[in-house]
Amino acid sequence: MRQPLVAGNWKMNGDNASTESLVNGIISGRDDVTNAEVLICPPYILIPRAASVLERRGAANIAIGAQDLDINANGAYTGQISASMLKDAGCSYVIIGHSERRSIYGESDADVAEKFKVAQAGGLIPVVCVGETLAEREANETESVVARQLDAVIDAAGVEALADSVIAYEPVWAIGTGMTATPEQAQDVHAFIRNRIAGLNADVAAGVRILYGGSMKPDNAESLIGMADIDGGLIGGASLDAESFLGICKAAN
Ligand code: 13P
């Protein structure tokens with residue numbers, strides 16, 4: 001049985017004051033969510049503030065993740081943040097290969113695979129994002145794109161490494177657009193991902209959590225997460241409001 005996971009990707013939003021109130025707000029409803037794991041991924045600079053609120057409130061049942069990391073351990077890499085720094089700041093997860101990193105910052109499949117390995121070596125659980133653009137979907141390339149992105153990680157890290165990871169299917173056309181994938185559209189791709197992994201290792205495929213991301217909201221979360229191969233959500237916009245994030249957490253529950 002896979003435990004549902006609801007992860008909030010705050011992207012480049014917030015400040016110390018909003019972090020304080022958002023984390024406090026999530027804590028106030030967290031105890032109603034008994035079956036799902038809850039994860040927040042603030043911008044780097046707000047991670048310490050989020051961690052300190054959680055510690056002050058004794059809320060060990062909310063995990064913290066980062067949105068990216070550098071592949072190097074330390075040294076002359078101006079502006080970068082390493083896995084050990086994230087661990088030290090209280091992170092247990094890190095998002096890898098978000099489509100915004102791929103498209104805006106030019107991260108390749110090989111870069112993402114390297115980050116996946118570095119995250120795991122540093123004791124972090126990677127949340128590896130895959131997904132097709134609208135043009136790719138319209139060209140019937142959804143499966144080939146997702147397969148290519150997934151295989152890059154499997155080829156670099158080995159299929160067994162997926163056991164200690166989370167996969168997030170985020171169709172690029174659904175991110176921040178309000179154009180949520182239908183439960184059936186999402187389920188088709190989730191099943192494709194799981195079957196592809198099952199072809200290499202059935203146990204890993206059965207255990208790995210595959211999240212859906214892309215305009216997930218409280219009112220569509222239940223129908224999405226209710227699908228057989230959808231194990232939770234990676235939430236952007238709706239994770240910036242405690243009530244809507246908790247609404248999704250409760251749907252996953
Ligand atoms: P939205 O929920 O804002 O569509 O963002 C999804 C996403 O990119 C999460 O990583």
# chains A, B, ... in the order shown; residues from 1 in each chain; ligands from 1
call {"tool": "closest_atom_pairs", "arguments": {"of": "chain A", "to": "ligand 1", "cutoff": "7 Å", "atoms": "only C-alpha atoms and all ligand atoms", "output": "Markdown table"}}
result
| residue | atom | partner | partner_atom_place_in_ligand_line | distance |
| --- | --- | --- | --- | --- |
| A:Asn9 | CA | ligand 1 | 10 (O) | 5.1 |
| A:His98 | CA | ligand 1 | 10 (O) | 6.5 |
| A:Glu170 | CA | ligand 1 | 8 (O) | 6.7 |
| A:Ala174 | CA | ligand 1 | 4 (O) | 6.0 |
| A:Ile175 | CA | ligand 1 | 4 (O) | 3.5 |
| A:Gly176 | CA | ligand 1 | 4 (O) | 3.5 |
| A:Thr177 | CA | ligand 1 | 4 (O) | 6.2 |
| A:Gly178 | CA | ligand 1 | 4 (O) | 6.7 |
| A:Gly213 | CA | ligand 1 | 6 (C) | 4.9 |
| A:Gly214 | CA | ligand 1 | 4 (O) | 3.8 |
| A:Ser215 | CA | ligand 1 | 4 (O) | 3.5 |
| A:Met216 | CA | ligand 1 | 2 (O) | 5.3 |
| A:Leu234 | CA | ligand 1 | 9 (C) | 4.9 |
| A:Ile235 | CA | ligand 1 | 2 (O) | 4.3 |
| A:Gly236 | CA | ligand 1 | 2 (O) | 3.4 |
| A:Gly237 | CA | ligand 1 | 3 (O) | 3.7 |
| A:Ala238 | CA | ligand 1 | 2 (O) | 5.9 |
call {"tool": "select_by_dssp", "arguments": {"residues": "stretch 84-253 of chain A", "states": "helix (DSSP H, G or I)", "output": "NGL selection string"}}
result
:A and (84-89 or 99-104 or 109-121 or 134-138 or 142-157 or 159-164 or 172-174 or 183-198 or 202-207 or 218-225 or 237-240 or 242-252)
call {"tool": "residues_around", "arguments": {"residues": "A:Glu114", "least_positions_apart": "5", "cutoff": "9 Å", "atoms": "only C-alpha atoms", "output": "PyMOL selection string"}}
result
chain A and resi 71+109+119+153+156-157
call {"tool": "residues_around", "arguments": {"residues": "A:Ala36", "least_positions_apart": "5", "cutoff": "10 Å", "atoms": "only C-alpha atoms", "output": "compact mmCIF listing (two decimals) with N, CA, C and O atoms, in the first residue's frame"}}
result
# COMPACT_ATOMS: atom_id res chain seq x y z
N ARG A 2 0.68 2.08 -0.99
CA ARG A 2 1.50 3.29 -1.08
C ARG A 2 0.83 4.42 -0.28
O ARG A 2 -0.34 4.73 -0.51
N GLN A 3 1.59 5.03 0.61
CA GLN A 3 1.03 6.15 1.38
C GLN A 3 0.94 7.38 0.48
O GLN A 3 1.93 7.78 -0.14
N PRO A 4 -0.23 7.99 0.39
CA PRO A 4 -0.33 9.20 -0.43
C PRO A 4 0.61 10.29 0.07
O PRO A 4 0.87 10.39 1.27
N LEU A 5 1.10 11.08 -0.86
CA LEU A 5 1.98 12.21 -0.54
C LEU A 5 1.43 13.46 -1.21
O LEU A 5 1.14 13.44 -2.41
N VAL A 6 1.28 14.51 -0.44
CA VAL A 6 0.89 15.80 -1.02
C VAL A 6 2.05 16.76 -0.77
O VAL A 6 2.44 16.99 0.38
N ARG A 30 -3.12 19.95 9.97
CA ARG A 30 -2.33 18.75 9.62
C ARG A 30 -2.81 17.50 10.34
O ARG A 30 -2.79 16.40 9.78
N ASN A 61 5.40 16.08 11.66
CA ASN A 61 4.68 15.35 10.61
C ASN A 61 4.51 16.18 9.33
O ASN A 61 3.69 15.85 8.48
N ASP A 231 -0.73 8.70 -6.75
CA ASP A 231 -0.46 8.52 -5.32
C ASP A 231 -0.35 9.83 -4.56
O ASP A 231 0.20 9.85 -3.45
N GLY A 232 -0.85 10.89 -5.15
CA GLY A 232 -0.79 12.18 -4.47
C GLY A 232 -0.56 13.28 -5.47
O GLY A 232 -0.75 13.09 -6.68
N CYS A 249 -4.75 17.96 0.80
CA CYS A 249 -4.25 16.94 1.73
C CYS A 249 -5.40 16.06 2.22
O CYS A 249 -5.27 14.83 2.31
N LYS A 250 -6.52 16.68 2.52
CA LYS A 250 -7.67 15.91 3.02
C LYS A 250 -8.24 15.02 1.93
O LYS A 250 -8.68 13.89 2.20
N ALA A 251 -8.23 15.51 0.70
CA ALA A 251 -8.70 14.68 -0.42
C ALA A 251 -7.80 13.45 -0.57
O ALA A 251 -8.27 12.34 -0.83
N ALA A 252 -6.50 13.65 -0.39
CA ALA A 252 -5.55 12.53 -0.51
C ALA A 252 -5.72 11.55 0.62
O ALA A 252 -5.45 10.36 0.49
N ASN A 253 -6.15 12.06 1.72
CA ASN A 253 -6.31 11.26 2.92
C ASN A 253 -7.40 10.21 2.75
O ASN A 253 -7.37 9.14 3.32
call {"tool": "closest_residue", "arguments": {"among": "A:Tyr105, A:Phe192, A:Pro48, A:Trp10", "to": "A:Asp88", "atoms": "only C-alpha atoms"}}
result
A:Pro48
call {"tool": "residues_around", "arguments": {"residues": "stretch 134-139 of chain A", "least_positions_apart": "2", "cutoff": "9 Å", "atoms": "only C-alpha atoms", "output": "list of chain:residue names"}}
result
A:Glu132, A:Glu141, A:Thr142, A:Glu143, A:Val145, A:Pro171, A:Val172, A:Trp173, A:Ala174
call {"tool": "select_by_dssp", "arguments": {"residues": "stretch 46-241 of chain A", "states": "strand (DSSP E or B)", "output": "list in words"}}
result
Ile62, Ala63, Ile64, Gly65, Ala66, Tyr93, Val94, Ile95, Ile96, Ile125, Pro126, Val127, Val128, Cys129, Val130, Val166, Ile167, Ala168, Tyr169, Arg209, Ile210, Leu211, Tyr212, Gly213, Gly232, Gly233, Leu234 and Ile235 of chain A
call {"tool": "residues_around", "arguments": {"residues": "A:Gln80", "least_positions_apart": "5", "cutoff": "9 Å", "atoms": "only C-alpha atoms", "output": "ChimeraX atom specification"}}
result
/A:69-70,72,74
call {"tool": "atom_distance", "arguments": {"atom1": "atom CA of A:Asp151", "atom2": "atom CA of A:Ser223"}}
result
28.5 Å
call {"tool": "closest_residue", "arguments": {"among": "A:Ala242, A:Asn195, A:Ala163, A:Asp188", "to": "A:Val23", "atoms": "only C-alpha atoms"}}
result
A:Ala242
call {"tool": "atom_distance", "arguments": {"atom1": "atom CA of A:Leu124", "atom2": "atom CA of A:Lys87"}}
result
7.2 Å
call {"tool": "atom_distance", "arguments": {"atom1": "atom CA of A:Leu39", "atom2": "atom CA of A:Ile64"}}
result
5.6 Å
call {"tool": "residues_around", "arguments": {"residues": "A:Pro218", "least_positions_apart": "6", "cutoff": "8 Å", "atoms": "only C-alpha atoms", "output": "PDB file with C-alpha atoms, in the first residue's frame"}}
result
ATOM      1  CA  SER A 244      -6.555  25.043  -0.291  1.00  0.00           C
ATOM      2  CA  PHE A 245      -3.387  23.031   0.385  1.00  0.00           C
ATOM      3  CA  GLY A 247      -8.136  20.722   1.158  1.00  0.00           C
ATOM      4  CA  ILE A 248      -5.933  18.704  -1.197  1.00  0.00           C
ATOM      5  CA  ALA A 251      -8.703  14.675  -0.417  1.00  0.00           C
TER       6      ALA A 251
END
call {"tool": "closest_residue", "arguments": {"among": "A:Ile45, A:Ile95, A:Leu240, A:Ala186", "to": "A:Ile225", "atoms": "only C-alpha atoms"}}
result
A:Ala186
